[in-house]
Amino acid sequence: MTDTLDTQRKKLRIRAWRRGFKEADLILGRFCDDYIDSMDAEALDAFEALLDEHDQDLYGWIIGREPVPEAFDTPVMKQLQAYRVDADAAYGDGPKA
């Protein structure tokens with residue numbers, strides 16, 4: 001099972017960094033790099049389900065522009081939303097005053 005999880009992690013890392021939408025790449029790629037190795041099978045599946053969604057929808061949920069559909073309102077999504085705020089502050093990507 002470890003090989004399967006490792007393979008899934010590798011695939012998800014590639015998908016997180018190659019969204020084709022710069023803002024999504026930065027948030028999802030950084031989040032993935034920081035958390036993917038500690039995710040269990042359930043969290044990996046939840047993250048994969050998020051990556052299956054359209055970039056604009058997913059980005060809107062992450063930044064709070066649109067409400068997160070119930071099916072995607074998981075602990076991983078909550079962690080991703082919190083990470084986005086923290087990463088923006090750390091990387092200076094947040095809103096300008």
# chains A, B, ... in the order shown; residues from 1 in each chain; ligands from 1
$ residues_around --residues "Gly29 of chain A" --least-positions-apart "3" --cutoff "7 Å" --atoms "only C-alpha atoms" --output "list in words"
Arg13, Ala16, Trp17, Asp25, Leu26, Cys32 and Asp33 of chain A
$ residues_around --residues "segment 69-78 of chain A" --least-positions-apart "4" --cutoff "8 Å" --atoms "only C-alpha atoms" --output "ChimeraX atom specification"
/A:43,46-47,49-50,62,82
$ select_by_dssp --residues "chain A" --states "alpha helix (DSSP H)" --output "number ranges by chain"
A: 2-17, 22-35, 41-51, 55-63, 75-91
$ residues_around --residues "segment 5-12 of chain A" --least-positions-apart "5" --cutoff "8 Å" --atoms "only C-alpha atoms" --output "ChimeraX atom specification"
/A:32,36-37,41,44,48
$ closest_residue --among "A:Ile14, A:Ala24, A:Asp3, A:Leu51" --to "Arg84 of chain A" --atoms "only C-alpha atoms"
A:Ala24
$ atom_distance --atom1 "atom CA of Leu80 of chain A" --atom2 "atom CA of Met39 of chain A"
12.6 Å
$ closest_residue --among "A:Gln81, A:Arg15, A:Ser38, A:Asp52" --to "Arg65 of chain A" --atoms "only C-alpha atoms"
A:Gln81
$ closest_residue --among "A:Tyr59, A:Gly64, A:His54, A:Phe31" --to "Gln79 of chain A" --atoms "only C-alpha atoms"
A:Phe31
$ decode --residues "segment 39-53 of chain A" --atoms "N, CA and C atoms" --output "tab-separated table (two decimals), in the first residue's frame"
chain	number	residue	atom	x	y	z
A	39	MET	N	0.02	13.35	4.33
A	39	MET	CA	-1.38	13.00	4.11
A	39	MET	C	-1.59	11.50	4.11
A	40	ASP	N	-2.66	11.07	4.76
A	40	ASP	CA	-3.05	9.66	4.72
A	40	ASP	C	-3.88	9.41	3.46
A	41	ALA	N	-4.31	8.18	3.27
A	41	ALA	CA	-5.03	7.80	2.05
A	41	ALA	C	-6.31	8.62	1.89
A	42	GLU	N	-7.04	8.85	2.96
A	42	GLU	CA	-8.28	9.62	2.89
A	42	GLU	C	-8.02	11.06	2.46
A	43	ALA	N	-7.00	11.67	3.03
A	43	ALA	CA	-6.65	13.05	2.68
A	43	ALA	C	-6.15	13.13	1.24
A	44	LEU	N	-5.37	12.15	0.82
A	44	LEU	CA	-4.90	12.13	-0.57
A	44	LEU	C	-6.07	12.04	-1.54
A	45	ASP	N	-7.04	11.22	-1.22
A	45	ASP	CA	-8.22	11.10	-2.08
A	45	ASP	C	-9.01	12.41	-2.12
A	46	ALA	N	-9.12	13.08	-0.98
A	46	ALA	CA	-9.83	14.36	-0.93
A	46	ALA	C	-9.08	15.42	-1.74
A	47	PHE	N	-7.76	15.43	-1.64
A	47	PHE	CA	-6.96	16.38	-2.40
A	47	PHE	C	-7.08	16.08	-3.90
A	48	GLU	N	-7.05	14.81	-4.24
A	48	GLU	CA	-7.19	14.43	-5.65
A	48	GLU	C	-8.55	14.86	-6.20
A	49	ALA	N	-9.60	14.70	-5.41
A	49	ALA	CA	-10.93	15.13	-5.84
A	49	ALA	C	-10.95	16.64	-6.11
A	50	LEU	N	-10.26	17.40	-5.28
A	50	LEU	CA	-10.18	18.84	-5.51
A	50	LEU	C	-9.45	19.14	-6.81
A	51	LEU	N	-8.37	18.43	-7.07
A	51	LEU	CA	-7.60	18.66	-8.29
A	51	LEU	C	-8.35	18.25	-9.55
A	52	ASP	N	-9.40	17.44	-9.39
A	52	ASP	CA	-10.23	17.05	-10.53
A	52	ASP	C	-11.19	18.16	-10.95
A	53	GLU	N	-11.35	19.17	-10.10
A	53	GLU	CA	-12.29	20.26	-10.38
A	53	GLU	C	-11.65	21.32	-11.28
